[in-house]
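**Student:** Input model.txt, format and content: compact mmCIF, C-alpha atoms.
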```txt
# COMPACT_ATOMS: atom_id res chain seq x y z
CA LEU A 1 0.00 0.00 0.00
CA GLN A 2 2.79 2.45 0.90
CA GLY A 3 4.60 1.62 -2.32
CA ALA A 4 1.56 2.34 -4.42
CA LEU A 5 0.94 5.62 -2.63
CA GLY A 6 4.52 6.68 -3.17
CA ASP A 7 4.50 6.05 -6.93
CA ALA A 8 1.13 7.41 -7.99
CA PRO A 9 0.46 10.96 -9.21
CA SER A 10 -2.79 11.23 -7.28
CA ALA A 11 -4.35 9.70 -4.20
CA ALA A 12 -7.20 8.06 -6.15
CA SER A 13 -4.87 6.40 -8.66
CA ALA A 14 -2.60 5.36 -5.79
CA TYR A 15 -5.39 3.56 -3.98
CA ARG A 16 -6.65 1.99 -7.22
CA GLY A 17 -3.13 0.72 -7.90
CA ALA A 18 -2.89 -0.72 -4.40
CA ILE A 19 -6.28 -2.40 -4.75
CA ASP A 20 -5.24 -3.91 -8.08
CA ARG A 21 -2.08 -5.36 -6.52
CA PHE A 22 -3.95 -6.72 -3.51
CA GLU A 23 -6.70 -8.31 -5.60
CA ARG A 24 -4.12 -10.16 -7.68
CA LEU A 25 -2.90 -11.76 -4.44
CA ALA A 26 -6.41 -12.68 -3.26
CA ASP A 27 -6.16 -16.43 -3.88
CA ASP A 28 -2.97 -16.75 -1.83
CA LYS A 29 -3.71 -14.24 0.94
CA SER A 30 -7.43 -14.60 1.74
CA ASP A 31 -6.60 -16.19 5.10
CA ASN A 32 -3.97 -13.59 6.02
CA VAL A 33 -5.20 -11.02 8.53
CA GLU A 34 -2.63 -8.38 7.67
CA TYR A 35 -3.43 -8.74 3.97
CA LEU A 36 -7.14 -8.26 4.68
CA ARG A 37 -6.42 -5.29 6.91
CA GLN A 38 -4.34 -3.58 4.22
CA LEU A 39 -6.92 -4.39 1.55
CA ALA A 40 -9.57 -2.73 3.70
CA GLU A 41 -7.33 0.34 4.12
CA ALA A 42 -6.93 0.59 0.35
CA TYR A 43 -10.71 0.39 -0.21
CA SER A 44 -11.52 2.91 2.53
CA GLY A 45 -8.70 5.18 1.34
CA LEU A 46 -10.18 5.26 -2.15
CA ALA A 47 -13.61 5.93 -0.64
CA SER A 48 -12.22 9.01 1.08
CA VAL A 49 -11.13 10.66 -2.17
CA VAL A 50 -13.62 9.65 -4.88
CA PRO A 51 -16.39 12.23 -5.40
CA ASP A 52 -19.14 9.85 -6.51
CA TRP A 53 -21.22 8.60 -3.57
CA SER A 54 -22.20 5.30 -5.20
CA GLU A 55 -18.55 4.38 -5.79
CA ARG A 56 -17.62 5.61 -2.31
CA LYS A 57 -20.33 3.44 -0.77
CA GLN A 58 -19.20 0.45 -2.81
CA MET A 59 -15.59 0.90 -1.66
CA LEU A 60 -16.63 1.22 1.99
CA GLU A 61 -18.74 -1.93 1.72
CA ARG A 62 -15.76 -3.80 0.30
CA ALA A 63 -13.59 -2.47 3.11
CA GLU A 64 -16.14 -3.66 5.66
CA SER A 65 -16.22 -7.10 4.02
CA ALA A 66 -12.42 -7.39 4.18
CA ILE A 67 -12.29 -6.39 7.85
CA SER A 68 -15.17 -8.73 8.67
CA ASP A 69 -13.21 -11.60 7.08
CA ALA A 70 -10.22 -10.62 9.22
CA ILE A 71 -12.41 -10.63 12.33
CA LYS A 72 -13.50 -14.19 11.54
CA LEU A 73 -9.84 -15.16 11.60
CA MET A 74 -9.04 -13.14 14.76
CA PRO A 75 -12.33 -12.62 16.64
CA LYS A 76 -10.64 -11.09 19.69
CA ASP A 77 -8.54 -8.46 17.90
CA VAL A 78 -9.78 -5.16 19.35
CA SER A 79 -8.18 -3.04 16.61
CA LEU A 80 -10.20 -4.85 13.95
CA PHE A 81 -13.50 -4.05 15.68
CA ILE A 82 -12.48 -0.40 16.05
CA ARG A 83 -11.54 -0.19 12.38
CA ARG A 84 -14.77 -1.83 11.25
CA GLY A 85 -16.66 0.56 13.50
CA ASP A 86 -15.04 3.48 11.69
CA ILE A 87 -16.08 2.01 8.34
CA PHE A 88 -19.65 1.45 9.53
CA LYS A 89 -19.72 5.05 10.78
CA ALA A 90 -18.63 6.28 7.33
CA LEU A 91 -21.54 4.25 5.92
CA SER A 92 -23.94 5.85 8.45
CA ASP A 93 -24.55 2.37 9.83
CA GLN A 94 -25.43 2.14 13.51
CA ARG A 95 -23.47 -1.09 13.79
CA ALA A 96 -20.50 1.23 14.31
CA GLY A 97 -21.58 1.70 17.91
CA GLU A 98 -21.89 -2.05 18.40
CA ASP A 99 -18.30 -2.57 17.23
CA TYR A 100 -16.94 0.18 19.49
CA VAL A 101 -18.74 -1.36 22.47
CA MET A 102 -17.42 -4.80 21.54
CA ALA A 103 -13.89 -3.37 21.53
CA VAL A 104 -14.11 -2.22 25.17
CA GLN A 105 -15.85 -5.43 26.18
CA LEU A 106 -12.95 -7.42 24.75
CA ASP A 107 -10.43 -5.12 26.41
CA PRO A 108 -11.79 -2.78 29.12
CA GLN A 109 -8.32 -1.20 29.36
CA ASN A 110 -8.25 -0.13 25.72
CA VAL A 111 -8.05 3.66 25.63
CA GLN A 112 -8.84 3.97 21.93
CA GLY A 113 -11.97 1.87 22.34
CA HIS A 114 -13.27 4.11 25.11
CA LEU A 115 -12.52 7.22 23.05
CA LYS A 116 -14.44 5.78 20.11
CA CYS A 117 -17.40 4.90 22.35
CA SER A 118 -17.39 8.40 23.82
CA ALA A 119 -17.33 10.04 20.40
CA TRP A 120 -20.08 7.73 19.17
CA TYR A 121 -22.47 8.43 22.04
CA ALA A 122 -21.79 12.18 21.76
CA GLU A 123 -22.60 12.34 18.04
CA PRO A 124 -24.15 9.13 16.69
CA ILE A 125 -25.72 8.90 13.25
CA LYS A 126 -29.21 9.01 14.81
CA LYS A 127 -30.31 11.37 17.56
CA SER A 128 -32.16 8.51 19.26
CA LEU A 129 -28.80 6.79 19.86
CA ARG A 130 -27.30 9.82 21.58
CA ASP A 131 -26.31 9.14 25.19
CA PRO A 132 -24.36 12.03 26.80
CA GLU A 133 -23.87 10.22 30.09
CA ARG A 134 -22.25 7.24 28.40
CA SER A 135 -20.15 9.60 26.32
CA ILE A 136 -18.82 11.25 29.48
CA HIS A 137 -18.33 7.88 31.19
CA HIS A 138 -16.17 6.45 28.39
CA ALA A 139 -14.14 9.67 28.08
CA GLN A 140 -13.52 9.67 31.84
CA ARG A 141 -12.53 6.02 31.66
CA ALA A 142 -10.04 6.75 28.88
CA LEU A 143 -8.59 9.65 30.85
CA ALA A 144 -8.26 7.47 33.96
CA LEU A 145 -6.27 4.97 31.89
CA ASP A 146 -3.99 7.63 30.38
CA SER A 147 -4.18 11.02 32.10
CA ASN A 148 -1.32 12.44 30.03
CA ALA A 149 -2.92 11.77 26.63
CA PRO A 150 -4.11 14.98 24.92
CA ASP A 151 -6.75 13.01 22.98
CA CYS A 152 -8.36 11.88 26.24
CA HIS A 153 -8.68 15.44 27.50
CA MET A 154 -10.05 16.63 24.15
CA GLN A 155 -12.66 13.87 24.00
CA LEU A 156 -13.79 14.54 27.57
CA ALA A 157 -14.12 18.21 26.66
CA ILE A 158 -16.30 17.25 23.68
CA ALA A 159 -18.44 14.98 25.87
CA TYR A 160 -19.00 17.77 28.41
CA MET A 161 -19.72 20.23 25.61
CA LYS A 162 -22.28 17.99 23.91
CA ASN A 163 -23.92 17.17 27.24
CA ASP A 164 -24.49 20.84 28.05
CA THR A 165 -27.87 21.39 26.39
CA GLY A 166 -28.04 25.17 26.51
CA ASN A 167 -29.73 27.45 24.01
CA THR A 168 -28.62 27.61 20.40
CA VAL A 169 -28.58 30.92 18.52
CA ARG A 170 -28.91 30.47 14.76
CA GLN A 171 -27.08 33.03 12.65
CA GLY A 172 -27.15 34.08 9.02
CA ALA A 173 -26.20 31.86 6.12
CA GLY A 174 -22.55 30.89 6.16
CA LYS A 175 -22.11 31.80 9.85
CA PRO A 176 -21.76 29.18 12.62
CA SER A 177 -24.44 28.90 15.30
CA ILE A 178 -23.68 30.00 18.87
CA HIS A 179 -24.32 27.61 21.77
CA ILE A 180 -25.00 29.07 25.19
CA LEU A 181 -23.45 26.64 27.70
CA SER A 182 -24.25 26.59 31.40
CA ASP A 183 -20.62 25.81 32.30
CA PRO A 184 -18.21 26.59 29.43
CA ASP A 185 -15.21 26.49 31.78
CA LEU A 186 -15.54 22.71 32.24
CA PRO A 187 -14.74 21.70 28.63
CA LEU A 188 -12.36 24.65 28.24
CA LYS A 189 -10.23 23.33 31.10
CA HIS A 190 -9.65 20.04 29.29
CA TYR A 191 -9.00 21.66 25.91
CA THR A 192 -6.36 23.86 27.54
CA ARG A 193 -4.84 20.86 29.35
CA ALA A 194 -4.54 19.04 26.02
CA ILE A 195 -2.52 21.97 24.68
CA GLU A 196 -0.31 22.02 27.77
CA LEU A 197 0.49 18.34 27.24
CA ALA A 198 1.45 18.84 23.57
CA PRO A 199 2.12 22.54 22.97
CA GLU A 200 4.03 21.87 19.77
CA ARG A 201 1.18 19.99 18.03
CA PRO A 202 -1.72 21.57 16.08
CA PRO A 203 -4.63 19.31 17.24
CA GLY A 204 -5.01 20.91 20.67
CA TYR A 205 -5.16 24.45 19.29
CA ARG A 206 -7.49 23.34 16.52
CA ALA A 207 -9.83 21.61 18.98
CA ARG A 208 -9.92 24.59 21.33
CA ALA A 209 -10.58 26.88 18.37
CA SER A 210 -13.57 24.71 17.46
CA PHE A 211 -14.83 25.05 21.03
CA TYR A 212 -14.49 28.83 20.93
CA ILE A 213 -16.50 28.83 17.69
CA TRP A 214 -19.14 26.66 19.39
CA ILE A 215 -19.64 29.31 22.10
CA GLY A 216 -19.27 32.28 19.74
CA ASP A 217 -15.85 33.55 20.85
CA TYR A 218 -14.55 34.01 17.32
CA GLU A 219 -11.56 36.21 18.11
CA ARG A 220 -10.01 33.59 20.39
CA ALA A 221 -10.93 30.92 17.87
CA LEU A 222 -9.02 32.78 15.18
CA VAL A 223 -5.93 33.04 17.39
CA ASP A 224 -5.91 29.28 18.03
CA ALA A 225 -6.66 28.40 14.41
CA ASP A 226 -3.84 30.63 13.19
CA ARG A 227 -1.52 29.02 15.72
CA ALA A 228 -2.42 25.55 14.45
CA LEU A 229 -1.87 26.61 10.83
CA SER A 230 1.46 28.20 11.67
CA MET A 231 2.60 24.76 12.84
CA ASN A 232 1.23 22.98 9.79
CA PRO A 233 0.12 25.20 6.88
CA ASN A 234 -1.19 22.13 5.03
CA ASP A 235 -3.60 21.12 7.80
CA VAL A 236 -6.95 21.21 6.01
CA THR A 237 -8.98 20.75 9.20
CA SER A 238 -7.34 23.76 10.84
CA ARG A 239 -8.04 25.80 7.72
CA LYS A 240 -11.69 24.80 7.88
CA VAL A 241 -11.84 25.85 11.53
CA ARG A 242 -10.28 29.19 10.63
CA ALA A 243 -12.85 29.66 7.87
CA MET A 244 -15.58 29.26 10.49
CA ALA A 245 -13.86 31.82 12.73
CA PHE A 246 -13.57 34.29 9.86
CA ALA A 247 -17.28 33.79 9.06
CA GLY A 248 -18.21 34.36 12.69
CA LEU A 249 -16.23 37.61 12.63
CA GLU A 250 -18.02 38.53 9.38
CA GLN A 251 -14.73 38.55 7.50
CA PHE A 252 -16.54 36.77 4.70
CA SER A 253 -13.96 37.27 1.96
CA LYS A 254 -11.27 35.53 4.04
CA ALA A 255 -13.75 32.82 5.03
CA ARG A 256 -14.58 32.20 1.38
CA THR A 257 -10.88 31.88 0.50
CA ASP A 258 -10.32 29.30 3.23
CA TYR A 259 -13.48 27.33 2.43
CA SER A 260 -12.49 27.26 -1.23
CA ALA A 261 -9.15 25.67 -0.31
CA VAL A 262 -10.87 23.14 1.96
CA ALA A 263 -13.47 22.20 -0.67
CA LYS A 264 -10.72 21.67 -3.23
CA SER A 265 -8.79 19.38 -0.88
CA ARG A 266 -11.89 17.57 0.38
CA PRO A 267 -14.33 16.79 -2.43
CA ASN A 268 -16.55 14.84 0.01
CA ASP A 269 -16.77 17.51 2.74
CA ALA A 270 -20.42 18.51 2.41
CA GLU A 271 -20.20 21.16 5.13
CA ALA A 272 -17.31 22.95 3.45
CA HIS A 273 -19.05 22.95 0.07
CA GLN A 274 -22.29 24.17 1.62
CA ASN A 275 -20.63 27.05 3.43
CA LEU A 276 -18.65 27.96 0.33
CA GLY A 277 -21.90 28.10 -1.64
CA GLU A 278 -23.54 30.21 1.04
CA LEU A 279 -20.65 32.67 1.00
CA HIS A 280 -20.75 32.95 -2.78
CA MET A 281 -24.42 33.87 -2.40
CA ARG A 282 -23.55 36.49 0.22
CA PHE A 283 -21.40 38.14 -2.44
CA LEU A 284 -24.26 37.73 -4.97
CA ASP A 285 -22.01 35.45 -7.02
CA TRP A 286 -24.90 33.20 -8.02
CA LYS A 287 -23.04 31.38 -10.78
CA ALA A 288 -20.15 30.43 -8.48
CA ALA A 289 -22.62 29.17 -5.85
CA ILE A 290 -24.08 26.50 -8.16
CA GLN A 291 -21.05 24.19 -8.21
CA PRO A 292 -20.50 23.76 -4.44
CA LEU A 293 -24.24 23.47 -3.76
CA THR A 294 -24.50 20.85 -6.48
CA ARG A 295 -21.65 18.95 -4.84
CA VAL A 296 -23.55 18.95 -1.55
CA VAL A 297 -26.63 17.26 -3.04
CA GLN A 298 -24.38 14.74 -4.76
CA ILE A 299 -22.95 13.84 -1.35
CA ARG A 300 -26.27 14.17 0.50
CA PRO A 301 -29.10 13.54 -1.97
CA LEU A 302 -31.77 14.12 0.71
CA ALA A 303 -30.50 17.58 1.72
CA TRP A 304 -33.76 19.30 0.79
CA TYR A 305 -32.67 22.68 2.15
CA ILE A 306 -29.74 22.76 -0.31
CA TYR A 307 -32.09 22.30 -3.25
CA LYS A 308 -33.92 25.40 -2.06
CA ARG A 309 -30.69 27.35 -1.73
CA ARG A 310 -29.63 26.32 -5.22
CA ALA A 311 -33.10 27.24 -6.50
CA LYS A 312 -32.53 30.78 -5.32
CA ALA A 313 -29.22 30.93 -7.21
CA TYR A 314 -30.86 29.58 -10.36
CA LEU A 315 -33.65 32.11 -9.98
CA HIS A 316 -31.17 35.01 -9.94
CA LEU A 317 -29.47 33.53 -13.00
CA GLY A 318 -32.78 33.42 -14.87
CA GLU A 319 -32.77 29.60 -14.97
CA TYR A 320 -36.44 29.34 -14.03
CA ASP A 321 -36.97 25.74 -15.13
CA LEU A 322 -33.99 24.60 -13.03
CA ALA A 323 -35.14 26.68 -10.07
CA LEU A 324 -38.58 25.14 -10.23
CA ALA A 325 -37.12 21.63 -10.54
CA ASP A 326 -35.07 22.20 -7.39
CA LEU A 327 -38.07 23.54 -5.46
CA LYS A 328 -40.09 20.53 -6.52
CA LYS A 329 -37.27 18.18 -5.46
CA ALA A 330 -37.16 19.82 -2.05
CA MET A 331 -40.89 19.26 -1.64
CA GLU A 332 -40.63 15.64 -2.77
CA ILE A 333 -38.16 15.06 0.07
CA THR A 334 -40.21 17.02 2.63
CA PRO A 335 -43.83 17.04 1.38
CA LYS A 336 -45.11 19.00 4.38
CA ASP A 337 -42.71 21.87 3.77
CA THR A 338 -44.76 24.26 1.62
CA THR A 339 -44.77 27.72 3.16
CA SER A 340 -41.00 27.80 3.55
CA LEU A 341 -40.70 27.97 -0.24
CA TRP A 342 -41.32 31.65 0.17
CA TRP A 343 -38.05 32.26 2.02
CA ILE A 344 -36.49 32.92 -1.39
CA GLY A 345 -38.00 36.37 -0.95
CA PRO A 346 -39.76 38.89 -3.18
CA SER A 347 -36.48 40.43 -4.34
CA SER A 348 -35.56 37.11 -5.94
CA LEU A 349 -38.80 37.13 -7.91
CA GLU A 350 -38.68 40.68 -9.25
CA LYS A 351 -37.44 39.66 -12.69
CA ALA A 352 -39.25 36.32 -12.86
CA PRO A 353 -42.03 36.01 -15.44
CA GLN A 354 -45.60 35.85 -14.19
CA ASP A 355 -46.13 32.27 -15.34
CA PHE A 356 -43.18 31.22 -13.20
CA ARG A 357 -44.70 32.97 -10.19
CA ASP A 358 -48.02 31.26 -10.87
CA HIS A 359 -46.25 27.93 -11.09
CA LEU A 360 -44.54 28.65 -7.79
CA VAL A 361 -47.87 29.33 -6.13
CA ALA A 362 -49.21 26.06 -7.49
CA LEU A 363 -46.10 24.27 -6.30
CA ALA A 364 -46.60 25.64 -2.81
CA ASN A 365 -50.07 24.12 -2.92
CA GLN A 366 -48.61 20.82 -4.15
CA LYS A 367 -50.57 20.90 -7.39
CA VAL A 368 -47.79 21.09 -9.94
CA THR A 369 -45.40 19.01 -11.97
CA VAL A 370 -42.39 20.63 -13.54
CA ALA A 371 -42.87 21.62 -17.16
CA ASP A 372 -40.59 20.40 -19.92
CA PRO A 373 -37.06 21.85 -19.82
CA GLY A 374 -36.88 25.14 -21.63
CA THR A 375 -40.34 26.35 -20.70
CA TYR A 376 -38.93 29.34 -18.86
CA LYS A 377 -35.98 30.10 -21.10
```
Could you spell out this file's structure in structure tokens?
**Tutor:**
Amino acid sequence: LQGALGDAPSAASAYRGAIDRFERLADDKSDNVEYLRQLAEAYSGLASVVPDWSERKQMLERAESAISDAIKLMPKDVSLFIRRGDIFKALSDQRAGEDYVMAVQLDPQNVQGHLKCSAWYAEPIKKSLRDPERSIHHAQRALALDSNAPDCHMQLAIAYMKNDTGNTVRQGAGKPSIHILSDPDLPLKHYTRAIELAPERPPGYRARASFYIWIGDYERALVDADRALSMNPNDVTSRKVRAMAFAGLEQFSKARTDYSAVAKSRPNDAEAHQNLGELHMRFLDWKAAIQPLTRVVQIRPLAWYIYKRRAKAYLHLGEYDLALADLKKAMEITPKDTTSLWWIGPSSLEKAPQDFRDHLVALANQKVTVADPGTYK
């Protein structure tokens, strides 16, 4: 795998080359755990860089199959359960939680297993699976096992932060929400301790910056994000955090520049593409907004609210048939959402022809099908 990655001109071709080499060895290595582990890494690595969701899903499923075969050969290998849990999580499969729990059942002293359980219960794929108390318990257990590990302090901070159900203040498009915590000093203490334990590494500063963004302290967030980037200018996650800080400070041009770099490096980062699209719209750059918003619905086909955002961009570009198609798609996903179609605002409709407006009214009443393409050209 390392050899293939070293020779290839791009990550995708590197992983494809590795997969090709592994698959040619399949007959001789199918009962070799390390072979299966590396094959799974090649599949999941390719999944992380390909833009098409169907191919990404296929690669993740193959990775899961390879790890599952390895587990059959070594059913008590904790690392295999943790790795399969990560793959299930990428597939939005709740079996991820089951694998993380199995890891700590097999080895109650496994720090990584407790950290994975804590992260899972803090932010599972379904809200019904969320369990803040278990998240805190597993993070505390990990910290008790290794009190000098920055990751343990950071995960406990996240668990405390997610358990503090204060008020949330929604802000304008492209700006992060603010969360009013009852005790912000509790998670902050652990974020700061993580930095003290590894002051030369970016993750602690990046994590604390994310916390400052969470509570709306954007100036401190920017300081920490800049510090992380000064240590590693190629750290895409730190750049994304800084983009959020810039947006919070309403330095939208700088935020757009950072989000553009993140979106280029991470074709499957839906949040980065969404925020980039929102910022293009803030600058009334409707044409530029189309591409990142389109990427979001490719990654998340059921993101009905993005179809409505893209509809607004199409409307300003005079693409009335495409705008109407997007509004209809949003309503197909959420049939009860009718009145919110009007958030596009009267200013967006000023130049729209009357028949389009009539069609929009009918659509809001769920009595319309989209006309043939070209009707509103």
**Student:** Contacts of Phe81 (chain A) at 10 Å or less, counting all atoms listed in the file, minus same-chain residues fewer than 2 places along, as a compact mmCIF listing (two decimals) with C-alpha atoms, keeping the file's coordinate frame?
**Tutor:**
```txt
# COMPACT_ATOMS: atom_id res chain seq x y z
CA ILE A 67 -12.29 -6.39 7.85
CA SER A 68 -15.17 -8.73 8.67
CA ALA A 70 -10.22 -10.62 9.22
CA ILE A 71 -12.41 -10.63 12.33
CA PRO A 75 -12.33 -12.62 16.64
CA LYS A 76 -10.64 -11.09 19.69
CA ASP A 77 -8.54 -8.46 17.90
CA VAL A 78 -9.78 -5.16 19.35
CA SER A 79 -8.18 -3.04 16.61
CA ARG A 83 -11.54 -0.19 12.38
CA ARG A 84 -14.77 -1.83 11.25
CA GLY A 85 -16.66 0.56 13.50
CA ASP A 86 -15.04 3.48 11.69
CA ILE A 87 -16.08 2.01 8.34
CA ALA A 96 -20.50 1.23 14.31
CA GLU A 98 -21.89 -2.05 18.40
CA ASP A 99 -18.30 -2.57 17.23
CA TYR A 100 -16.94 0.18 19.49
CA VAL A 101 -18.74 -1.36 22.47
CA MET A 102 -17.42 -4.80 21.54
CA ALA A 103 -13.89 -3.37 21.53
CA VAL A 104 -14.11 -2.22 25.17
CA LEU A 106 -12.95 -7.42 24.75
CA GLY A 113 -11.97 1.87 22.34
```
**Student:** For Asp235 (chain A), which residue out of A:Gln140, A:Ser92, A:Ser265, A:Ser210 is the nearest one, using all atoms listed in the file?
**Tutor:**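 Using all atoms listed in the file, Asp235 (chain A) sits closest to A:Ser265.
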**Student:** When you count all atoms listed in the file, which of these residues is closest to Pro132 (chain A): A:Met161, A:Ile213, A:Ala47, A:Leu222?
**Tutor:** A:Met161
**Student:** Tell me, counting all atoms listed in the file, for each residue of region 24-98 of chain A within 12 Å of region 274-295 of chain A, which pair of atoms is nearest and how far apart they are in Å to one decimal, in rows ordered by chain and increasing number, as a Markdown table.
**Tutor:**
```
| residue | atom | partner | partner_atom | distance |
| --- | --- | --- | --- | --- |
| A:Pro51 | CA | A:Arg295 | CA | 8.6 |
| A:Asp52 | CA | A:Arg295 | CA | 9.6 |
| A:Trp53 | CA | A:Arg295 | CA | 10.4 |
```
**Student:** Using the selection just defined, write its residues with C-alpha atoms as a PDB file, keeping the file's coordinate frame.
**Tutor:**
```
ATOM      1  CA  PRO A  51     -16.390  12.230  -5.400  1.00  0.00           C
ATOM      2  CA  ASP A  52     -19.140   9.850  -6.510  1.00  0.00           C
ATOM      3  CA  TRP A  53     -21.220   8.600  -3.570  1.00  0.00           C
TER       4      TRP A  53
END
```
**Student:** Fewer than 6 positions away in the same chain doesn't count, so skip those; otherwise give me all residues within 12 Å of Arg141 (chain A), counting all atoms listed in the file, as a list in words.
**Tutor:**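 Returned residues: Val104, Pro108, Gln109, Asn110, Val111, Gln112, Gly113, His114, Leu115, Lys116, Cys117, Ser118, Arg134, Ser135, Ser147, Cys152, His153, Gln155 and Leu156 of chain A.
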**Student:** List the neighbours of Pro199 (chain A) out to 12 Å using only C-alpha atoms; skip same-chain residues closer than 6 positions along the sequence, and give me the result as a PDB file with C-alpha atoms, keeping the file's coordinate frame.
**Tutor:**
```
ATOM      1  CA  PRO A 150      -4.110  14.980  24.920  1.00  0.00           C
ATOM      2  CA  TYR A 191      -9.000  21.660  25.910  1.00  0.00           C
ATOM      3  CA  THR A 192      -6.360  23.860  27.540  1.00  0.00           C
ATOM      4  CA  ARG A 193      -4.840  20.860  29.350  1.00  0.00           C
ATOM      5  CA  TYR A 205      -5.160  24.450  19.290  1.00  0.00           C
ATOM      6  CA  ARG A 206      -7.490  23.340  16.520  1.00  0.00           C
ATOM      7  CA  ASP A 224      -5.910  29.280  18.030  1.00  0.00           C
ATOM      8  CA  ARG A 227      -1.520  29.020  15.720  1.00  0.00           C
ATOM      9  CA  ALA A 228      -2.420  25.550  14.450  1.00  0.00           C
ATOM     10  CA  MET A 231       2.600  24.760  12.840  1.00  0.00           C
TER      11      MET A 231
END
```
**Student:** When you draw a straight line from CA of Ala245 (chain A) to CA of Pro176 (chain A), how long is it in Å?
**Tutor:** 8.3 Å
**Student:** Please indicate the distance in Å from CA of Pro187 (chain A) to CA of Ala243 (chain A), rounded to one decimal place.
**Tutor:**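 Taking CA of Pro187 (chain A) as the start and CA of Ala243 (chain A) as the end point, the length is 22.3 Å.
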**Student:** Taking only C-alpha atoms into account, which of A:Asp258, A:Asp358, A:Glu34, A:Glu319 comes nearest Asp69 (chain A)?
**Tutor:**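 Ranked by minimum distance to Asp69 (chain A), first place goes to A:Glu34.
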**Student:** Check the smallest atom-to-atom distance from each of A:Lys89, A:His316, A:Arg16, A:Lys162 to Ser182 (chain A) using all atoms listed in the file, then report the winner.
**Tutor:**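 Of A:Lys89, A:His316, A:Arg16, A:Lys162, the one nearest Ser182 (chain A) is A:Lys162, counting all atoms listed in the file.
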**Student:** Using the file's own x, y and z axes, what box holds all listed atoms of region 56-69 of chain A with 3 Å on each side, keeping edges along x, y and z, and what are its centre and edge lengths in Å to one decimal, as lines of an AutoDock Vina configuration file?
**Tutor:**
```
center_x = -16.3
center_y = -3.0
center_z = 2.9
size_x = 14.0
size_y = 23.2
size_z = 17.5
```
